[in-house]
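Next comes input_32.cif, with mmCIF, C-alpha atoms.
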```
data_my_file
#
loop_
_atom_site.label_atom_id
_atom_site.label_comp_id
_atom_site.auth_asym_id
_atom_site.auth_seq_id
_atom_site.Cartn_x
_atom_site.Cartn_y
_atom_site.Cartn_z
CA MET A 1 16.61 -47.17 37.65
CA THR A 2 13.42 -48.05 39.50
CA VAL A 3 13.06 -49.47 43.01
CA LEU A 4 9.84 -51.21 44.03
CA LEU A 5 9.47 -51.97 47.71
CA LEU A 6 7.02 -54.67 48.78
CA THR A 7 6.40 -55.37 52.46
CA CYS A 8 4.77 -58.69 53.28
CA LYS A 9 2.58 -58.19 56.35
CA GLU A 10 2.48 -61.88 57.20
CA SER A 11 6.17 -62.66 57.19
CA SER A 12 7.63 -59.14 57.62
CA ILE A 13 10.04 -59.97 54.81
CA ILE A 14 11.01 -57.01 52.64
CA THR A 15 11.91 -57.71 49.03
CA THR A 16 13.56 -55.01 46.95
CA LYS A 17 13.98 -55.41 43.22
CA ILE A 18 16.09 -53.04 41.18
CA VAL A 19 15.55 -52.93 37.44
CA ASN A 20 17.81 -51.16 34.97
CA ILE A 21 15.78 -49.58 32.19
CA CYS A 22 16.65 -48.15 28.75
CA THR A 23 20.33 -48.96 28.44
CA ILE A 24 20.10 -48.82 24.62
CA PRO A 25 22.32 -46.06 23.11
CA LEU A 26 20.48 -42.78 22.65
CA PHE A 27 21.17 -42.36 18.92
CA PHE A 28 17.91 -44.08 17.95
CA ILE A 29 15.08 -41.81 16.79
CA ASN A 30 12.36 -41.15 19.37
CA LEU A 31 14.22 -43.20 21.99
CA PRO A 32 13.75 -40.64 24.82
CA ALA A 33 9.97 -40.86 24.47
CA ILE A 34 10.09 -44.67 24.43
CA CYS A 35 12.26 -44.72 27.53
CA THR A 36 9.89 -42.41 29.35
CA GLY A 37 6.96 -44.71 28.67
CA MET A 38 8.91 -47.78 29.76
CA GLU A 39 10.10 -46.06 32.92
CA LEU A 40 6.56 -45.06 33.84
CA GLU A 41 5.23 -48.57 33.30
CA LYS A 42 7.97 -50.00 35.51
CA ARG A 43 7.47 -47.32 38.15
CA TYR A 44 3.78 -48.13 38.54
CA SER A 45 3.92 -51.89 37.99
CA VAL A 46 3.86 -54.66 40.58
CA GLU A 47 5.66 -57.95 39.99
CA TYR A 48 3.36 -60.38 41.74
CA LYS A 49 4.73 -63.66 40.39
CA GLY A 50 6.66 -65.48 43.10
CA LEU A 51 4.85 -63.71 45.94
CA LYS A 52 2.93 -65.98 48.27
CA ASN A 53 -0.75 -65.37 48.98
CA SER A 54 -0.78 -62.59 51.55
CA ALA A 55 -1.33 -58.85 52.03
CA TYR A 56 1.30 -56.37 50.83
CA ASP A 57 1.76 -52.64 51.34
CA LEU A 58 2.95 -50.61 48.34
CA SER A 59 3.67 -46.96 47.69
CA PHE A 60 4.26 -44.93 44.52
CA GLU A 61 5.29 -41.33 43.96
CA VAL A 62 3.56 -39.37 41.20
CA ASP A 63 5.23 -36.36 39.57
CA ASP A 64 4.97 -34.26 36.41
CA ALA A 65 6.11 -37.15 34.19
CA LEU A 66 2.82 -39.03 34.58
CA PHE A 67 0.69 -36.09 33.41
CA ALA A 68 3.10 -35.28 30.57
CA HIS A 69 2.92 -38.91 29.40
CA TYR A 70 -0.87 -38.71 29.02
CA GLU A 71 -0.68 -35.16 27.60
CA SER A 72 -3.28 -34.09 30.13
CA ARG A 73 -5.21 -30.92 29.29
CA ASP A 74 -6.59 -30.62 32.80
CA ILE A 75 -3.41 -31.11 34.82
CA LYS A 76 -0.10 -29.35 34.12
CA GLY A 77 1.88 -31.13 36.82
CA GLY A 78 1.80 -32.17 40.42
CA ASN A 79 3.09 -34.32 43.23
CA CYS A 80 1.04 -37.08 44.83
CA LEU A 81 1.68 -40.07 47.05
CA VAL A 82 -0.12 -43.29 46.23
CA LYS A 83 -0.49 -45.85 49.01
CA ALA A 84 -1.99 -49.24 48.25
CA THR A 85 -2.68 -52.52 49.97
CA MET A 86 -2.59 -55.57 47.73
CA LEU A 87 -4.22 -58.80 48.83
CA LYS A 88 -2.90 -61.62 46.63
CA SER A 89 -4.69 -64.91 46.08
CA ASP A 90 -4.44 -67.60 43.41
CA SER A 91 -7.19 -66.09 41.27
CA GLN A 92 -6.97 -62.33 41.84
CA LEU A 93 -5.15 -59.27 43.17
CA ASP A 94 -7.32 -57.06 45.38
CA PHE A 95 -6.13 -53.44 45.74
CA ASP A 96 -7.24 -50.65 48.06
CA PHE A 97 -5.82 -47.24 47.12
CA GLU A 98 -5.33 -43.91 48.88
CA ILE A 99 -3.96 -40.98 46.88
CA SER A 100 -3.07 -37.62 48.41
CA GLY A 101 -1.17 -34.56 47.23
CA SER A 102 -1.77 -31.67 44.88
CA VAL A 103 -1.77 -30.94 41.15
CA VAL A 104 -1.40 -27.79 39.10
CA CYS A 105 -4.43 -26.71 37.06
CA GLU A 106 -5.56 -23.56 35.32
CA CYS A 107 -7.73 -21.43 37.56
CA ASP A 108 -11.24 -21.12 36.14
CA ARG A 109 -11.48 -17.58 37.51
CA CYS A 110 -8.20 -15.88 36.54
CA LEU A 111 -6.69 -18.51 34.16
CA GLU A 112 -3.42 -18.57 36.10
CA ASP A 113 -1.89 -21.74 37.55
CA CYS A 114 -3.29 -22.86 40.89
CA ALA A 115 -2.67 -25.80 43.22
CA VAL A 116 -5.59 -28.19 43.63
CA ALA A 117 -5.61 -30.65 46.52
CA ILE A 118 -6.09 -34.33 45.68
CA GLU A 119 -7.70 -36.81 48.05
CA TYR A 120 -8.84 -40.14 46.64
CA LYS A 121 -9.80 -43.57 47.91
CA GLY A 122 -10.58 -46.39 45.53
CA HIS A 123 -10.68 -50.12 44.96
CA LEU A 124 -9.37 -52.16 42.05
CA LEU A 125 -9.84 -55.88 41.47
CA VAL A 126 -7.43 -57.60 39.10
CA ARG A 127 -8.75 -60.98 37.98
CA LEU A 128 -6.09 -63.51 36.92
CA SER A 129 -7.82 -65.42 34.16
CA ASP A 130 -7.38 -66.53 30.58
CA ALA A 131 -10.94 -65.33 29.98
CA GLN A 132 -10.46 -61.64 29.30
CA GLY A 133 -13.01 -58.91 30.01
CA GLU A 134 -13.03 -55.15 29.48
CA TYR A 135 -11.34 -52.86 31.97
CA ASP A 136 -13.99 -50.57 33.48
CA GLY A 137 -11.98 -48.64 36.05
CA GLU A 138 -12.87 -51.05 38.85
CA VAL A 139 -12.09 -54.50 37.43
CA MET A 140 -9.02 -55.35 35.36
CA TRP A 141 -8.35 -58.69 33.65
CA LEU A 142 -4.86 -60.13 33.45
CA SER A 143 -3.57 -63.38 31.98
CA PRO A 144 -1.95 -65.68 34.58
CA SER A 145 1.05 -65.87 32.24
CA GLU A 146 1.83 -62.19 32.91
CA ASN A 147 4.47 -61.49 35.53
CA GLU A 148 3.29 -58.04 36.59
CA VAL A 149 0.29 -55.76 36.73
CA ASN A 150 0.58 -52.24 35.34
CA LEU A 151 -1.27 -49.65 37.45
CA THR A 152 -0.23 -46.56 35.48
CA GLN A 153 -3.58 -45.91 33.81
CA TYR A 154 -5.56 -46.59 36.97
CA ILE A 155 -3.50 -44.14 39.03
CA TYR A 156 -3.74 -41.41 36.39
CA GLU A 157 -7.49 -41.81 35.91
CA SER A 158 -8.07 -41.83 39.67
CA ILE A 159 -6.30 -38.49 40.06
CA VAL A 160 -8.24 -36.95 37.17
CA LEU A 161 -11.57 -38.21 38.54
CA SER A 162 -10.80 -36.71 41.95
CA LEU A 163 -10.49 -33.18 40.53
CA PRO A 164 -13.22 -30.80 41.73
CA TYR A 165 -15.69 -29.48 39.17
CA GLN A 166 -14.49 -25.92 39.73
CA ARG A 167 -10.76 -25.34 40.02
CA VAL A 168 -10.02 -21.91 41.46
CA HIS A 169 -7.62 -20.16 43.79
CA PRO A 170 -8.73 -19.63 47.39
CA GLU A 171 -10.69 -16.38 47.75
CA GLY A 172 -8.41 -13.38 47.32
CA GLU A 173 -5.49 -15.28 45.77
CA CYS A 174 -6.36 -14.84 42.09
CA ASP A 175 -4.09 -12.71 39.91
CA PRO A 176 -5.50 -9.17 40.34
CA ASP A 177 -4.24 -8.06 36.92
CA MET A 178 -6.11 -10.88 35.19
CA ILE A 179 -9.27 -10.19 37.18
CA ALA A 180 -9.02 -6.52 36.23
CA ARG A 181 -8.75 -7.44 32.55
CA PHE A 182 -11.84 -9.60 32.73
CA SER A 183 -13.81 -6.93 34.55
CA ILE A 184 -13.50 -4.51 31.62
CA ILE A 185 -14.86 -6.91 29.00
CA SER A 186 -18.00 -5.41 27.58
CA ALA A 187 -21.21 -7.34 27.06
CA GLU A 188 -20.74 -7.04 23.28
CA GLU A 189 -17.20 -8.44 23.41
CA LEU A 190 -18.30 -11.32 25.60
CA ALA A 191 -21.21 -12.10 23.28
CA THR A 192 -18.81 -12.17 20.31
CA LEU A 193 -16.50 -14.62 22.05
CA GLU A 194 -19.43 -16.83 23.01
CA ALA A 195 -20.68 -16.82 19.42
CA GLN A 196 -17.23 -17.93 18.23
CA ALA A 197 -17.23 -20.75 20.75
CA GLN A 198 -20.71 -21.91 19.75
CA GLY A 199 -19.86 -21.73 16.04
CA ASP A 200 -17.95 -25.02 16.23
CA SER A 201 -15.64 -23.89 13.45
CA GLU A 202 -12.18 -25.33 12.96
CA GLY A 203 -10.53 -22.22 14.31
CA GLY A 204 -13.10 -21.64 17.06
CA ILE A 205 -12.69 -21.59 20.80
CA ALA A 206 -12.33 -24.88 22.61
CA LYS A 207 -15.25 -26.20 24.65
CA ASP A 208 -13.29 -25.75 27.89
CA ASP A 209 -12.70 -22.08 27.06
CA PHE A 210 -16.40 -21.64 26.36
CA ASN A 211 -17.26 -23.05 29.79
CA LYS A 212 -14.89 -20.56 31.37
CA LEU A 213 -16.46 -17.72 29.41
CA ALA A 214 -19.90 -18.78 30.59
CA ALA A 215 -18.67 -18.80 34.18
CA LEU A 216 -17.08 -15.39 33.67
CA LYS A 217 -20.32 -14.00 32.27
CA ALA A 218 -22.26 -15.24 35.27
CA GLN A 219 -19.69 -13.73 37.62
CA LEU A 220 -19.81 -10.35 35.91
CA GLU A 221 -23.61 -10.32 35.93
CA ASP A 222 -23.61 -11.19 39.62
CA GLU A 223 -21.15 -8.38 40.40
CA ALA A 224 -23.21 -5.94 38.35
CA ALA A 225 -26.37 -6.91 40.25
CA LYS A 226 -24.67 -6.31 43.59
CA ASN A 227 -23.52 -2.86 42.47
#
```
Translate the structure described by the file into structure tokens.
Amino acid sequence: MTVLLLTCKESSIITTKIVNICTIPLFFINLPAICTGMELEKRYSVEYKGLKNSAYDLSFEVDDALFAHYESRDIKGGNCLVKATMLKSDSQLDFDFEISGSVVCECDRCLEDCAVAIEYKGHLLVRLSDAQGEYDGEVMWLSPSENEVNLTQYIYESIVLSLPYQRVHPEGECDPDMIARFSIISAEELATLEAQAQGDSEGGIAKDDFNKLAALKAQLEDEAAKN
């Protein structure tokens, strides 16, 4: 069950719509996955048909389900609050977004889970037109015959784009055991791992792992220079 709360600034009228989702018996194959996708789309969709032209405040809660749905490699989970203002007119829906919270990523330094703060502000224009264009992250095209706009992809992409380039624990909070393991890697062992990563073989190391190895090498060389 999903509740979407829209507050009309002009009239101060609050409209709450409750939608029951996935009431089909669960003996169908792959039904749980289908239900999850439908629930997410409903959770992050706005039914704009029937609303008069005005400004509306919306809010959405993001949890682990969103990142699991997109099978994110960068984000393992998280909790974020999405606040949006929607300005509705006859020809478009104009959104301003603010996203805050934190997500769980793999630390680039010790490879353990770490919390990464999320702060994002963005703008999305949804054009209501039969002439369709390509979605580019800032402009979305929607047929006037549609009853709702789905913001799931935009919210997910906005969180991913707000991630810092380097995702690490605050200084001193990395797993000391993992740091100790990395500190005893010899130059020969590191060179072997790098060669495997660069080999681009089917069983090789992923590009993300290679980037981490490169960062580790630089860190070890810096520590050796200081000593």
- Message: Report, in Å to a single decimal, how far apart CA of Ser54 in chain A and CA of Leu40 in chain A are.
- Response: 26.0 Å
- Nearest candidate to Cys105 in chain A (options A:Tyr154, A:Trp141, A:Phe67, A:Phe60; using only C-alpha atoms): A:Phe67
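Going from CA of Leu163 in chain A to CA of Gly137 in chain A covers 16.2 Å.
When all atoms listed in the file are used to compute distances to Arg73 in chain A, the closest of the residues A:Leu124, A:Val104, A:Met38, A:Leu93 turns out to be A:Val104.
For the atom pair formed by CA of Leu58 in chain A and CA of Tyr135 in chain A, the distance is 21.8 Å, given to one decimal.
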- Message: Around the point (-5.6, -35.1, 46.4) (coordinates from the file), which residues reach within 7 Å if we count all atoms listed in the file? Answer as a list in words.
- Response: Ile99, Ser100, Gly101, Ser102, Ala117, Ile118, Glu119 and Tyr120 of chain A
Keeping C-alpha atoms for every residue in the selection just given, could you write it to a file as a compact mmCIF listing (two decimals), keeping the file's coordinate frame?
```txt
# COMPACT_ATOMS: atom_id res chain seq x y z
CA ILE A 99 -3.96 -40.98 46.88
CA SER A 100 -3.07 -37.62 48.41
CA GLY A 101 -1.17 -34.56 47.23
CA SER A 102 -1.77 -31.67 44.88
CA ALA A 117 -5.61 -30.65 46.52
CA ILE A 118 -6.09 -34.33 45.68
CA GLU A 119 -7.70 -36.81 48.05
CA TYR A 120 -8.84 -40.14 46.64
```
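Near Cys110 in chain A, within 6 Å and counting all atoms listed in the file, sit Cys174, Met178 and Ile179 of chain A, not including residues fewer than 6 positions from it in the same chain.
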- Task: Tell me which residues the PyMOL selection byres ((chain A and resi 115) around 9) grabs here, as a ChimeraX atom specification.
- Result: /A:78,102-107,113-114,116-117,167-169
Would you output that residue set with C-alpha atoms, as a short mmCIF file (atom, residue, chain, number, x, y, z; two decimals), keeping the file's coordinate frame?
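result-v8.cif written:
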```cif
data_model
loop_
_atom_site.label_atom_id
_atom_site.label_comp_id
_atom_site.auth_asym_id
_atom_site.auth_seq_id
_atom_site.Cartn_x
_atom_site.Cartn_y
_atom_site.Cartn_z
CA GLY A 78 1.80 -32.17 40.42
CA SER A 102 -1.77 -31.67 44.88
CA VAL A 103 -1.77 -30.94 41.15
CA VAL A 104 -1.40 -27.79 39.10
CA CYS A 105 -4.43 -26.71 37.06
CA GLU A 106 -5.56 -23.56 35.32
CA CYS A 107 -7.73 -21.43 37.56
CA ASP A 113 -1.89 -21.74 37.55
CA CYS A 114 -3.29 -22.86 40.89
CA VAL A 116 -5.59 -28.19 43.63
CA ALA A 117 -5.61 -30.65 46.52
CA ARG A 167 -10.76 -25.34 40.02
CA VAL A 168 -10.02 -21.91 41.46
CA HIS A 169 -7.62 -20.16 43.79
#
```
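Between Glu146 in chain A and the candidates A:Lys42, A:Lys49, A:Arg181, A:Lys88, the tightest atom-to-atom separation, counting only C-alpha atoms, involves A:Lys49.
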- Of A:Arg127, A:Arg43, A:Arg109, A:Lys52, the one sitting nearest Gln166 in chain A when using all atoms listed in the file is A:Arg109
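With distances restricted to only C-alpha atoms, A:Asp63 is the closest residue to Ile159 in chain A from A:Asp130, A:Asp136, A:Asp63, A:Asp108.
Counting all atoms listed in the file and comparing A:Asp175, A:Glu71, A:Glu61, A:Glu98, the residue that lies closest to Lys83 in chain A is A:Glu98.
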- Item | Chain and number of each residue from the PyMOL selection byres ((chain A and resi 85) around 7), as a ChimeraX atom specification | /A:55-58,84,86-87,95-97
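Evaluating the PyMOL selection byres ((chain A and resi 129) around 12) against the shown model yields Asp90, Ser91, Gln92, Leu93, Val126, Arg127, Leu128, Asp130, Ala131, Gln132, Gly133, Met140, Trp141, Leu142, Ser143, Pro144, Ser145 and Glu146 of chain A.
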